[in-house]
$ cat entry-v9.tsv   # TSV, C-alpha atoms
chain	number	residue	atom	x	y	z
H	1	VAL	CA	189.58	-71.89	-112.35
H	2	GLU	CA	189.19	-71.01	-108.67
H	3	ILE	CA	185.89	-71.63	-106.88
H	4	CYS	CA	185.01	-70.32	-103.42
H	5	LEU	CA	183.66	-73.05	-101.12
H	6	LYS	CA	182.92	-70.80	-98.13
H	7	ASP	CA	179.66	-71.81	-96.40
H	8	SER	CA	179.09	-74.58	-98.97
H	9	GLY	CA	179.65	-77.43	-96.53
H	10	LEU	CA	182.01	-79.04	-99.05
H	11	SER	CA	185.45	-80.30	-98.13
H	12	TYR	CA	188.03	-82.30	-100.08
H	13	GLN	CA	191.50	-83.84	-99.95
H	14	ALA	CA	194.40	-83.67	-102.39
H	15	GLY	CA	193.71	-86.34	-105.01
H	16	ASP	CA	189.92	-85.87	-105.10
H	17	ALA	CA	187.97	-84.68	-108.14
H	18	LEU	CA	185.32	-81.99	-108.40
H	19	GLY	CA	182.07	-82.83	-110.16
H	20	VAL	CA	180.67	-79.89	-112.10
H	21	TYR	CA	177.16	-79.54	-113.55
H	22	PRO	CA	177.56	-77.27	-116.58
H	23	ILE	CA	174.93	-75.50	-118.66
H	24	ASN	CA	174.73	-75.75	-122.43
H	25	ASP	CA	175.59	-72.97	-124.84
H	26	ALA	CA	172.38	-70.93	-125.41
H	27	GLU	CA	173.44	-70.16	-128.99
H	28	LEU	CA	173.55	-73.89	-129.82
H	29	VAL	CA	170.21	-74.42	-128.06
H	30	ASP	CA	168.58	-71.64	-130.11
H	31	LEU	CA	170.01	-73.09	-133.31
H	32	LEU	CA	168.69	-76.55	-132.44
H	33	ILE	CA	165.21	-75.23	-131.57
H	34	SER	CA	165.11	-73.28	-134.83
H	35	GLU	CA	166.25	-76.28	-136.87
H	36	LEU	CA	163.58	-78.50	-135.27
H	37	LYS	CA	160.95	-75.75	-135.73
H	38	PHE	CA	159.88	-75.77	-132.10
H	39	ASP	CA	158.34	-72.86	-130.21
H	40	VAL	CA	161.14	-71.53	-128.00
H	41	ASN	CA	158.61	-70.86	-125.19
H	42	ALA	CA	156.93	-74.27	-125.34
H	43	GLU	CA	156.45	-75.65	-121.85
H	44	ILE	CA	158.18	-78.83	-120.78
H	45	GLY	CA	158.61	-80.21	-117.28
H	46	GLY	CA	157.62	-76.99	-115.53
H	47	THR	CA	159.91	-74.74	-117.55
H	48	THR	CA	160.38	-73.55	-121.12
H	49	LEU	CA	161.87	-75.83	-123.75
H	50	ARG	CA	164.78	-73.40	-124.13
H	51	GLU	CA	165.65	-73.45	-120.42
H	52	ALA	CA	165.25	-77.23	-120.28
H	53	LEU	CA	167.68	-77.72	-123.17
H	54	ILE	CA	170.15	-75.28	-121.62
H	55	GLU	CA	170.11	-76.82	-118.14
H	56	ARG	CA	168.85	-80.41	-118.25
H	57	TYR	CA	169.76	-82.31	-121.42
H	58	GLU	CA	172.82	-83.56	-123.26
H	59	ILE	CA	172.28	-81.93	-126.66
H	60	ARG	CA	175.61	-82.64	-128.37
H	61	ASN	CA	176.65	-86.28	-128.29
H	62	ILE	CA	174.89	-88.68	-130.65
H	63	THR	CA	174.43	-91.89	-128.67
H	64	LEU	CA	173.52	-95.18	-130.32
H	65	PRO	CA	169.90	-95.04	-128.98
H	66	VAL	CA	169.55	-91.50	-130.37
H	67	ILE	CA	170.72	-92.36	-133.88
H	68	LYS	CA	168.65	-95.56	-133.96
H	69	ALA	CA	165.52	-93.66	-132.92
H	70	TRP	CA	166.38	-90.91	-135.40
H	71	ALA	CA	166.74	-93.45	-138.21
H	72	GLU	CA	163.22	-94.75	-137.47
H	73	LYS	CA	161.57	-91.33	-137.09
H	74	ALA	CA	163.29	-89.93	-140.20
H	75	ASP	CA	162.57	-93.20	-142.04
H	76	SER	CA	166.11	-93.01	-143.38
H	77	ASP	CA	167.43	-96.09	-145.15
H	78	GLU	CA	170.93	-94.65	-144.95
H	79	LEU	CA	170.84	-94.26	-141.16
H	80	LYS	CA	169.15	-97.62	-140.71
H	81	THR	CA	171.91	-99.29	-142.74
H	82	LEU	CA	174.57	-97.59	-140.59
H	83	THR	CA	172.95	-98.54	-137.27
H	84	GLU	CA	172.04	-102.11	-138.19
H	85	ALA	CA	175.34	-103.16	-139.75
H	86	GLU	CA	177.57	-105.50	-137.77
H	87	ASP	CA	180.61	-103.54	-138.91
H	88	ARG	CA	180.62	-100.40	-136.73
H	89	ASN	CA	183.34	-98.60	-138.71
H	90	PRO	CA	181.00	-96.82	-141.20
H	91	LEU	CA	178.80	-95.64	-138.29
H	92	ASN	CA	181.82	-94.44	-136.30
H	93	HIS	CA	183.08	-92.63	-139.41
H	94	TYR	CA	179.71	-90.87	-139.79
H	95	LEU	CA	179.52	-89.89	-136.10
H	96	TRP	CA	183.08	-88.53	-135.99
H	97	GLY	CA	182.82	-84.77	-135.49
H	98	ARG	CA	179.01	-84.76	-135.70
H	99	GLU	CA	176.47	-83.69	-133.09
H	100	ILE	CA	172.69	-83.78	-132.76
H	101	ILE	CA	172.42	-80.48	-134.65
H	102	ASP	CA	174.00	-82.25	-137.65
H	103	LEU	CA	171.37	-85.00	-137.50
H	104	ALA	CA	168.64	-82.36	-137.39
H	105	LYS	CA	170.02	-80.66	-140.49
H	106	GLU	CA	170.85	-83.76	-142.51
H	107	TYR	CA	167.80	-85.87	-141.63
H	108	PRO	CA	164.92	-83.50	-140.75
H	109	ILE	CA	162.15	-84.83	-138.53
H	110	ASP	CA	158.79	-83.17	-137.93
H	111	PHE	CA	158.46	-83.79	-134.20
H	112	LYS	CA	154.83	-83.32	-133.17
H	113	PHE	CA	155.72	-82.30	-129.60
H	114	PRO	CA	158.99	-81.14	-127.99
H	115	GLN	CA	158.71	-84.07	-125.57
H	116	ASP	CA	159.06	-86.43	-128.54
H	117	PHE	CA	162.53	-84.95	-129.01
H	118	THR	CA	163.64	-84.56	-125.39
H	119	GLN	CA	162.73	-88.16	-124.55
H	120	LEU	CA	165.53	-89.19	-126.93
H	121	LEU	CA	168.11	-87.25	-124.92
H	122	LYS	CA	170.22	-88.21	-121.94
H	123	PRO	CA	170.31	-85.97	-118.85
H	124	LEU	CA	173.14	-83.43	-118.87
H	125	ALA	CA	175.80	-85.26	-116.87
H	126	PRO	CA	178.34	-83.71	-114.50
H	127	ARG	CA	181.95	-83.53	-115.58
H	128	LEU	CA	184.74	-84.61	-113.23
H	129	TYR	CA	187.93	-82.54	-112.92
H	130	SER	CA	190.99	-83.54	-110.90
H	131	ILE	CA	191.38	-80.96	-108.16
H	132	ALA	CA	194.48	-78.80	-108.57
H	133	SER	CA	194.75	-77.45	-105.02
H	134	SER	CA	195.41	-78.58	-101.47
H	135	PRO	CA	192.90	-77.37	-98.86
H	136	LYS	CA	195.90	-76.81	-96.58
H	137	ALA	CA	197.17	-74.17	-99.02
H	138	HIS	CA	193.84	-72.68	-100.12
H	139	GLN	CA	191.30	-72.58	-97.30
H	140	ASP	CA	187.67	-72.50	-98.51
H	141	GLU	CA	188.77	-72.71	-102.17
H	142	VAL	CA	189.00	-75.40	-104.82
H	143	HIS	CA	191.14	-74.94	-107.95
H	144	LEU	CA	190.81	-76.69	-111.34
H	145	THR	CA	193.02	-76.83	-114.43
H	146	VAL	CA	190.76	-76.66	-117.47
H	147	GLY	CA	191.74	-76.96	-121.12
H	148	VAL	CA	189.15	-75.06	-123.17
H	149	VAL	CA	187.93	-77.26	-126.04
H	150	LYS	CA	187.08	-75.53	-129.34
H	151	TYR	CA	187.36	-76.98	-132.83
H	152	GLU	CA	185.79	-77.03	-136.30
H	153	SER	CA	184.09	-80.07	-137.83
H	154	ASN	CA	181.59	-80.65	-140.61
H	155	GLY	CA	181.36	-76.88	-141.23
H	156	PHE	CA	180.47	-76.03	-137.62
H	157	SER	CA	182.35	-74.42	-134.75
H	158	ARG	CA	182.21	-76.82	-131.78
H	159	LYS	CA	182.69	-76.09	-128.10
H	160	GLY	CA	183.32	-78.39	-125.15
H	161	VAL	CA	180.27	-78.17	-122.87
H	162	CYS	CA	181.95	-77.75	-119.49
H	163	SER	CA	185.24	-76.15	-120.50
H	164	THR	CA	183.46	-73.31	-122.33
H	165	TYR	CA	180.95	-73.10	-119.48
H	166	PHE	CA	183.90	-72.05	-117.32
H	167	SER	CA	185.41	-69.76	-119.94
H	168	GLU	CA	182.19	-68.17	-121.23
H	169	ARG	CA	179.08	-68.84	-119.14
H	170	THR	CA	179.74	-68.89	-115.39
H	171	GLU	CA	178.25	-65.39	-115.09
H	172	LEU	CA	174.92	-66.94	-116.15
H	173	ALA	CA	174.79	-69.57	-113.41
H	174	LYS	CA	176.74	-70.12	-110.22
H	175	PRO	CA	178.68	-73.40	-110.58
H	176	ARG	CA	176.87	-76.41	-109.12
H	177	VAL	CA	179.56	-78.72	-107.83
H	178	PHE	CA	180.19	-81.73	-105.62
H	179	VAL	CA	183.30	-83.52	-104.35
H	180	HIS	CA	184.10	-86.94	-105.78
H	181	GLU	CA	186.40	-88.74	-103.34
H	182	ASN	CA	189.31	-90.68	-104.79
H	183	ASN	CA	190.92	-92.58	-101.94
H	184	ALA	CA	193.00	-94.59	-104.41
H	185	PHE	CA	194.85	-91.45	-105.50
H	186	ARG	CA	196.51	-89.78	-102.52
H	187	PRO	CA	200.02	-88.57	-101.66
H	188	PRO	CA	201.92	-91.23	-99.69
H	189	ALA	CA	200.75	-91.50	-96.08
H	190	ASN	CA	204.41	-91.42	-95.03
H	191	ALA	CA	205.63	-87.90	-95.80
H	192	ASP	CA	209.22	-89.22	-96.15
H	193	THR	CA	208.30	-91.40	-99.16
H	194	PRO	CA	209.57	-90.25	-102.58
H	195	MET	CA	206.95	-89.34	-105.20
H	196	ILE	CA	207.30	-89.58	-108.98
H	197	MET	CA	204.46	-87.79	-110.78
H	198	VAL	CA	203.75	-87.91	-114.52
H	199	GLY	CA	201.17	-85.29	-115.52
H	200	PRO	CA	201.34	-83.74	-118.99
H	201	GLY	CA	198.83	-81.07	-120.01
H	202	THR	CA	195.95	-80.63	-117.59
H	203	GLY	CA	197.14	-83.89	-115.99
H	204	ILE	CA	199.35	-81.67	-113.86
H	205	ALA	CA	196.31	-80.72	-111.76
H	206	PRO	CA	196.47	-83.25	-108.89
H	207	PHE	CA	200.26	-82.99	-108.70
H	208	ARG	CA	200.07	-79.27	-108.03
H	209	ALA	CA	197.77	-80.31	-105.16
H	210	PHE	CA	200.22	-83.01	-104.00
H	211	LEU	CA	203.13	-80.56	-104.01
H	212	GLU	CA	201.13	-77.91	-102.15
H	213	GLU	CA	200.18	-80.56	-99.58
H	214	ARG	CA	203.79	-81.58	-99.06
H	215	GLU	CA	204.92	-77.99	-98.70
H	216	ALA	CA	202.12	-77.27	-96.20
H	217	VAL	CA	203.13	-80.19	-93.94
H	218	GLU	CA	206.87	-79.63	-94.54
H	219	ALA	CA	207.26	-83.19	-95.84
H	220	LYS	CA	210.81	-84.51	-96.18
H	221	GLY	CA	210.11	-86.92	-99.06
H	222	LYS	CA	211.63	-86.15	-102.47
H	223	ASN	CA	209.33	-85.11	-105.33
H	224	TRP	CA	209.88	-85.55	-109.06
H	225	LEU	CA	207.47	-84.16	-111.67
H	226	PHE	CA	207.36	-85.04	-115.37
H	227	PHE	CA	205.38	-82.40	-117.25
H	228	GLY	CA	204.81	-81.89	-120.95
H	229	ASN	CA	202.77	-79.78	-123.37
H	230	PRO	CA	203.22	-78.52	-126.95
H	231	HIS	CA	205.04	-75.19	-126.37
H	232	GLU	CA	207.03	-73.93	-123.39
H	233	GLU	CA	206.26	-70.27	-124.05
H	234	VAL	CA	202.47	-70.58	-123.84
H	235	ASP	CA	201.79	-74.03	-122.30
H	236	PHE	CA	204.03	-74.18	-119.21
H	237	LEU	CA	201.22	-74.44	-116.66
H	238	TYR	CA	202.00	-73.18	-113.13
H	239	ARG	CA	205.55	-72.34	-114.19
H	240	GLU	CA	206.19	-69.68	-111.55
H	241	GLN	CA	204.81	-71.83	-108.74
H	242	LEU	CA	206.82	-74.88	-109.82
H	243	GLU	CA	210.00	-72.82	-109.98
H	244	GLU	CA	209.25	-71.49	-106.49
H	245	LEU	CA	208.71	-75.04	-105.22
H	246	GLU	CA	212.09	-76.01	-106.71
H	247	LYS	CA	213.72	-73.07	-104.97
H	248	ASN	CA	212.08	-73.94	-101.64
H	249	GLY	CA	213.17	-77.58	-101.83
H	250	TYR	CA	209.78	-79.22	-102.37
H	251	LEU	CA	210.29	-80.08	-106.04
H	252	HIS	CA	213.57	-81.94	-106.33
H	253	LYS	CA	213.39	-82.77	-110.04
H	254	LEU	CA	211.35	-81.25	-112.86
H	255	SER	CA	211.61	-83.08	-116.19
H	256	LEU	CA	210.01	-81.19	-119.08
H	257	ALA	CA	208.86	-82.33	-122.51
H	258	PHE	CA	207.59	-79.60	-124.84
H	259	SER	CA	206.73	-81.69	-127.85
H	260	ARG	CA	206.51	-79.01	-130.58
H	261	ASP	CA	209.47	-76.81	-129.64
H	262	GLN	CA	211.90	-78.83	-131.79
H	263	ASP	CA	211.77	-80.90	-134.98
H	264	GLN	CA	211.76	-84.19	-133.07
H	265	LYS	CA	208.65	-84.53	-130.89
H	266	VAL	CA	209.48	-85.27	-127.26
H	267	TYR	CA	206.98	-86.61	-124.73
H	268	VAL	CA	207.04	-87.36	-121.00
H	269	GLN	CA	207.65	-91.07	-121.64
H	270	ASP	CA	210.77	-90.12	-123.62
H	271	ARG	CA	212.07	-88.13	-120.65
H	272	MET	CA	211.35	-91.11	-118.40
H	273	ILE	CA	213.46	-93.38	-120.61
H	274	GLU	CA	216.28	-90.81	-120.73
H	275	GLU	CA	216.37	-90.65	-116.93
H	276	GLY	CA	215.50	-94.28	-116.42
H	277	LYS	CA	218.48	-95.16	-114.22
H	278	GLU	CA	217.64	-92.51	-111.63
H	279	LEU	CA	213.92	-93.22	-111.88
H	280	TYR	CA	214.53	-96.88	-111.12
H	281	GLN	CA	216.65	-95.85	-108.12
H	282	TRP	CA	213.74	-93.77	-106.78
H	283	LEU	CA	211.47	-96.81	-107.17
H	284	SER	CA	214.05	-99.00	-105.41
H	285	ASP	CA	214.00	-96.49	-102.55
H	286	GLY	CA	210.27	-97.12	-102.13
H	287	GLY	CA	209.04	-94.28	-104.32
H	288	HIS	CA	205.38	-94.03	-105.31
H	289	PHE	CA	204.58	-93.60	-109.00
H	290	TYR	CA	201.58	-91.55	-110.18
H	291	VAL	CA	200.08	-90.83	-113.61
H	292	CYS	CA	197.32	-88.37	-114.50
H	293	GLY	CA	195.89	-87.42	-117.89
H	294	ASP	CA	194.92	-88.98	-121.20
H	295	ALA	CA	194.08	-92.68	-120.90
H	296	SER	CA	193.95	-93.59	-124.57
H	297	ARG	CA	197.59	-92.95	-125.47
H	298	MET	CA	199.70	-91.16	-122.87
H	299	ALA	CA	198.97	-93.46	-119.93
H	300	LYS	CA	199.63	-96.56	-122.07
H	301	ASP	CA	202.92	-95.12	-123.35
H	302	VAL	CA	203.99	-94.16	-119.81
H	303	ASP	CA	203.14	-97.64	-118.54
H	304	ALA	CA	205.20	-99.20	-121.36
H	305	ALA	CA	208.12	-96.88	-120.52
H	306	LEU	CA	207.87	-97.86	-116.84
H	307	HIS	CA	208.06	-101.56	-117.72
H	308	ASN	CA	211.01	-100.85	-120.02
H	309	ILE	CA	212.90	-98.93	-117.30
H	310	ILE	CA	212.37	-101.62	-114.68
H	311	GLU	CA	213.41	-104.34	-117.10
H	312	GLN	CA	216.54	-102.49	-118.28
H	313	HIS	CA	217.82	-100.93	-115.07
H	314	GLY	CA	216.58	-103.65	-112.75
H	315	LYS	CA	218.19	-106.24	-115.07
H	316	MET	CA	214.94	-108.22	-115.18
H	317	SER	CA	213.11	-110.26	-117.77
H	318	ALA	CA	209.90	-108.80	-119.21
H	319	GLU	CA	207.92	-111.18	-117.01
H	320	ASP	CA	209.78	-110.16	-113.84
H	321	ALA	CA	209.37	-106.47	-114.71
H	322	ALA	CA	205.61	-107.02	-115.14
H	323	ALA	CA	205.50	-108.78	-111.76
H	324	TYR	CA	207.38	-105.81	-110.22
H	325	VAL	CA	204.80	-103.38	-111.65
H	326	ASN	CA	201.92	-105.57	-110.45
H	327	GLU	CA	203.44	-105.60	-106.97
H	328	MET	CA	203.64	-101.79	-107.09
H	329	LYS	CA	199.93	-101.67	-107.95
H	330	SER	CA	198.90	-104.13	-105.25
H	331	SER	CA	200.90	-102.24	-102.60
H	332	LYS	CA	199.37	-98.94	-103.82
H	333	ARG	CA	202.71	-97.56	-105.04
H	334	TYR	CA	201.43	-97.15	-108.61
H	335	SER	CA	198.29	-95.02	-108.94
H	336	ARG	CA	196.58	-93.59	-112.00
H	337	ASP	CA	193.92	-90.91	-112.49
H	338	VAL	CA	193.27	-91.17	-116.22
H	339	TYR	CA	190.38	-90.21	-118.45
$ encode --input "entry-v9.tsv" --output "structure tokens"
Amino acid sequence: VEICLKDSGLSYQAGDALGVYPINDAELVDLLISELKFDVNAEIGGTTLREALIERYEIRNITLPVIKAWAEKADSDELKTLTEAEDRNPLNHYLWGREIIDLAKEYPIDFKFPQDFTQLLKPLAPRLYSIASSPKAHQDEVHLTVGVVKYESNGFSRKGVCSTYFSERTELAKPRVFVHENNAFRPPANADTPMIMVGPGTGIAPFRAFLEEREAVEAKGKNWLFFGNPHEEVDFLYREQLEELEKNGYLHKLSLAFSRDQDQKVYVQDRMIEEGKELYQWLSDGGHFYVCGDASRMAKDVDAALHNIIEQHGKMSAEDAAAYVNEMKSSKRYSRDVY
């Protein structure tokens, strides 16, 4: 996604994120209004209910306050049991793959006024995306790398709010955006410093920006990118640009992990282990280590691989390797942008 910033007054640096205010899918809004038996043109807060639900409210995620209020209004013993139990596993199992539209269908409520419903909802929050461009390479533009989220659950087709806003609805509303500064996630101040970047999937975004920045200032520091995705043929993001950066001497190593292209799944942390000796040498030379992407699994696995490499190739105990990593963090040589 490329957004023109001309005359917006916005500026950013490589490593920043872009906050985006999306709009909801009108089809889902209409379905929800129909299910709740509201008048689509009912007035609320100076606009129609339909426009308010499209632009102002989070209408998908079932928060704990929402389901508790729903249990009371629907006078549902089943929901009350789920929300009041100390063991959260049954509630989490129920919520998995469900949205507010599911609650409306499964536990109907006769709301007297639309406001009785909207007061249960949270405001539609902005989504943050790591910026995938350097302003030195793309004047008056900001680029994002967006994975479009679509899936089926509980008999419904689901869509990610902001990702499908970009893929399906930007013609309906000009993107409302802001810059979220991230001073803890920047290319090294010294352009001679080596960089090791681990960014599978859309986690590649800030590292495209870092590499563009280094090319723009003709930095002498070496750059190593670990990138992974399911299939090389369709998931090799920015392939042509990365190959050009290799050719021009601004990407010194590119380690790839396409997990589904062979029987044995291979991930970026596996490539790190395979090339651990050289990776440790880059760290010993003062290299900075960066990670961007999934926090729940990938970032933890990468961190474990980093400890393993330092322990093995630095001939350290587990405790000394942990101290080495902590020193990297405190000296800002280990930075993460995970979500």
$ closest_residue --input "entry-v9.tsv" --among "H:Gly249, H:Pro90, H:Pro114, H:Gly97" --to "Lys37 (chain H)" --atoms "all atoms listed in the file"
H:Pro114
$ closest_residue --input "entry-v9.tsv" --among "H:Asn223, H:Ser330, H:Gln241, H:Gln115" --to "Leu279 (chain H)" --atoms "all atoms listed in the file"
H:Asn223
$ closest_residue --input "entry-v9.tsv" --among "H:Leu49, H:Ile131, H:Val302, H:Leu124" --to "Tyr12 (chain H)" --atoms "all atoms listed in the file"
H:Ile131
$ atom_distance --input "entry-v9.tsv" --atom1 "CA of Ser11 (chain H)" --atom2 "CA of Ala189 (chain H)"
19.1 Å
$ closest_residue --input "entry-v9.tsv" --among "H:Met328, H:Ala322, H:Ala74, H:Ala125" --to "Ala304 (chain H)" --atoms "only C-alpha atoms"
H:Ala322
$ atom_distance --input "entry-v9.tsv" --atom1 "CA of Met298 (chain H)" --atom2 "CA of Ser157 (chain H)"
26.9 Å
$ closest_residue --input "entry-v9.tsv" --among "H:Glu84, H:Glu78, H:Asp25, H:Glu311" --to "Tyr324 (chain H)" --atoms "only C-alpha atoms"
H:Glu311
$ atom_distance --input "entry-v9.tsv" --atom1 "CA of Tyr290 (chain H)" --atom2 "CA of Val198 (chain H)"
6.1 Å
$ axis_aligned_box --input "entry-v9.tsv" --around "region 249-255 of chain H" --padding-each-side "3 Å" --output "lines of an AutoDock Vina configuration file"
center_x = 211.7
center_y = -80.3
center_z = -109.0
size_x = 9.8
size_y = 11.5
size_z = 20.4
$ decode --input "entry-v9.tsv" --residues "region 74-83 of chain H" --atoms "all heavy atoms" --output "PDB file, in the first residue's frame"
ATOM      1  N   ALA H  74     -29.728 -10.324  27.752  1.00  0.00           N
ATOM      2  CA  ALA H  74     -30.389 -11.487  27.149  1.00  0.00           C
ATOM      3  C   ALA H  74     -30.932 -12.432  28.217  1.00  0.00           C
ATOM      4  O   ALA H  74     -31.645 -13.386  27.885  1.00  0.00           O
ATOM      5  CB  ALA H  74     -29.401 -12.232  26.244  1.00  0.00           C
ATOM      6  N   ASP H  75     -30.601 -12.142  29.486  1.00  0.00           N
ATOM      7  CA  ASP H  75     -30.980 -13.004  30.607  1.00  0.00           C
ATOM      8  C   ASP H  75     -30.646 -14.468  30.305  1.00  0.00           C
ATOM      9  O   ASP H  75     -31.475 -15.371  30.475  1.00  0.00           O
ATOM     10  CB  ASP H  75     -32.471 -12.846  30.918  1.00  0.00           C
ATOM     11  CG  ASP H  75     -32.820 -13.418  32.302  1.00  0.00           C
ATOM     12  OD1 ASP H  75     -31.898 -13.531  33.134  1.00  0.00           O
ATOM     13  OD2 ASP H  75     -33.991 -13.764  32.507  1.00  0.00           O
ATOM     14  N   SER H  76     -29.381 -14.650  29.855  1.00  0.00           N
ATOM     15  CA  SER H  76     -28.936 -15.982  29.449  1.00  0.00           C
ATOM     16  C   SER H  76     -28.130 -16.638  30.564  1.00  0.00           C
ATOM     17  O   SER H  76     -27.046 -16.157  30.921  1.00  0.00           O
ATOM     18  CB  SER H  76     -28.087 -15.886  28.181  1.00  0.00           C
ATOM     19  OG  SER H  76     -27.374 -17.082  27.957  1.00  0.00           O
ATOM     20  N   ASP H  77     -28.654 -17.738  31.085  1.00  0.00           N
ATOM     21  CA  ASP H  77     -27.920 -18.477  32.113  1.00  0.00           C
ATOM     22  C   ASP H  77     -26.611 -19.030  31.558  1.00  0.00           C
ATOM     23  O   ASP H  77     -25.600 -19.085  32.268  1.00  0.00           O
ATOM     24  CB  ASP H  77     -28.780 -19.623  32.654  1.00  0.00           C
ATOM     25  CG  ASP H  77     -29.961 -19.121  33.462  1.00  0.00           C
ATOM     26  OD1 ASP H  77     -29.882 -17.982  33.971  1.00  0.00           O
ATOM     27  OD2 ASP H  77     -30.956 -19.856  33.575  1.00  0.00           O
ATOM     28  N   GLU H  78     -26.659 -19.444  30.284  1.00  0.00           N
ATOM     29  CA  GLU H  78     -25.457 -20.011  29.666  1.00  0.00           C
ATOM     30  C   GLU H  78     -24.335 -18.984  29.602  1.00  0.00           C
ATOM     31  O   GLU H  78     -23.194 -19.265  29.992  1.00  0.00           O
ATOM     32  CB  GLU H  78     -25.791 -20.516  28.257  1.00  0.00           C
ATOM     33  CG  GLU H  78     -24.618 -21.229  27.580  1.00  0.00           C
ATOM     34  CD  GLU H  78     -24.982 -21.729  26.189  1.00  0.00           C
ATOM     35  OE1 GLU H  78     -26.129 -21.548  25.749  1.00  0.00           O
ATOM     36  OE2 GLU H  78     -24.085 -22.301  25.540  1.00  0.00           O
ATOM     37  N   LEU H  79     -24.642 -17.767  29.128  1.00  0.00           N
ATOM     38  CA  LEU H  79     -23.625 -16.724  29.046  1.00  0.00           C
ATOM     39  C   LEU H  79     -23.170 -16.282  30.436  1.00  0.00           C
ATOM     40  O   LEU H  79     -21.987 -16.013  30.662  1.00  0.00           O
ATOM     41  CB  LEU H  79     -24.142 -15.515  28.262  1.00  0.00           C
ATOM     42  CG  LEU H  79     -24.265 -15.653  26.747  1.00  0.00           C
ATOM     43  CD1 LEU H  79     -24.700 -14.336  26.128  1.00  0.00           C
ATOM     44  CD2 LEU H  79     -22.944 -16.117  26.129  1.00  0.00           C
ATOM     45  N   LYS H  80     -24.113 -16.209  31.360  1.00  0.00           N
ATOM     46  CA  LYS H  80     -23.745 -15.805  32.719  1.00  0.00           C
ATOM     47  C   LYS H  80     -22.780 -16.816  33.338  1.00  0.00           C
ATOM     48  O   LYS H  80     -21.812 -16.441  34.005  1.00  0.00           O
ATOM     49  CB  LYS H  80     -25.001 -15.680  33.588  1.00  0.00           C
ATOM     50  CG  LYS H  80     -25.840 -14.452  33.273  1.00  0.00           C
ATOM     51  CD  LYS H  80     -27.110 -14.436  34.110  1.00  0.00           C
ATOM     52  CE  LYS H  80     -27.989 -13.243  33.760  1.00  0.00           C
ATOM     53  NZ  LYS H  80     -29.271 -13.257  34.495  1.00  0.00           N
ATOM     54  N   THR H  81     -23.039 -18.093  33.097  1.00  0.00           N
ATOM     55  CA  THR H  81     -22.139 -19.135  33.613  1.00  0.00           C
ATOM     56  C   THR H  81     -20.745 -18.981  33.020  1.00  0.00           C
ATOM     57  O   THR H  81     -19.731 -19.092  33.732  1.00  0.00           O
ATOM     58  CB  THR H  81     -22.698 -20.533  33.275  1.00  0.00           C
ATOM     59  OG1 THR H  81     -23.974 -20.677  33.894  1.00  0.00           O
ATOM     60  CG2 THR H  81     -21.758 -21.626  33.774  1.00  0.00           C
ATOM     61  N   LEU H  82     -20.687 -18.715  31.706  1.00  0.00           N
ATOM     62  CA  LEU H  82     -19.390 -18.548  31.039  1.00  0.00           C
ATOM     63  C   LEU H  82     -18.625 -17.349  31.585  1.00  0.00           C
ATOM     64  O   LEU H  82     -17.414 -17.422  31.813  1.00  0.00           O
ATOM     65  CB  LEU H  82     -19.598 -18.365  29.525  1.00  0.00           C
ATOM     66  CG  LEU H  82     -19.945 -19.601  28.705  1.00  0.00           C
ATOM     67  CD1 LEU H  82     -20.268 -19.205  27.267  1.00  0.00           C
ATOM     68  CD2 LEU H  82     -18.787 -20.600  28.714  1.00  0.00           C
ATOM     69  N   THR H  83     -19.316 -16.235  31.793  1.00  0.00           N
ATOM     70  CA  THR H  83     -18.626 -14.997  32.184  1.00  0.00           C
ATOM     71  C   THR H  83     -18.287 -14.947  33.670  1.00  0.00           C
ATOM     72  O   THR H  83     -17.381 -14.225  34.080  1.00  0.00           O
ATOM     73  CB  THR H  83     -19.474 -13.762  31.824  1.00  0.00           C
ATOM     74  OG1 THR H  83     -20.766 -13.874  32.448  1.00  0.00           O
ATOM     75  CG2 THR H  83     -19.652 -13.649  30.321  1.00  0.00           C
TER      76      THR H  83
END
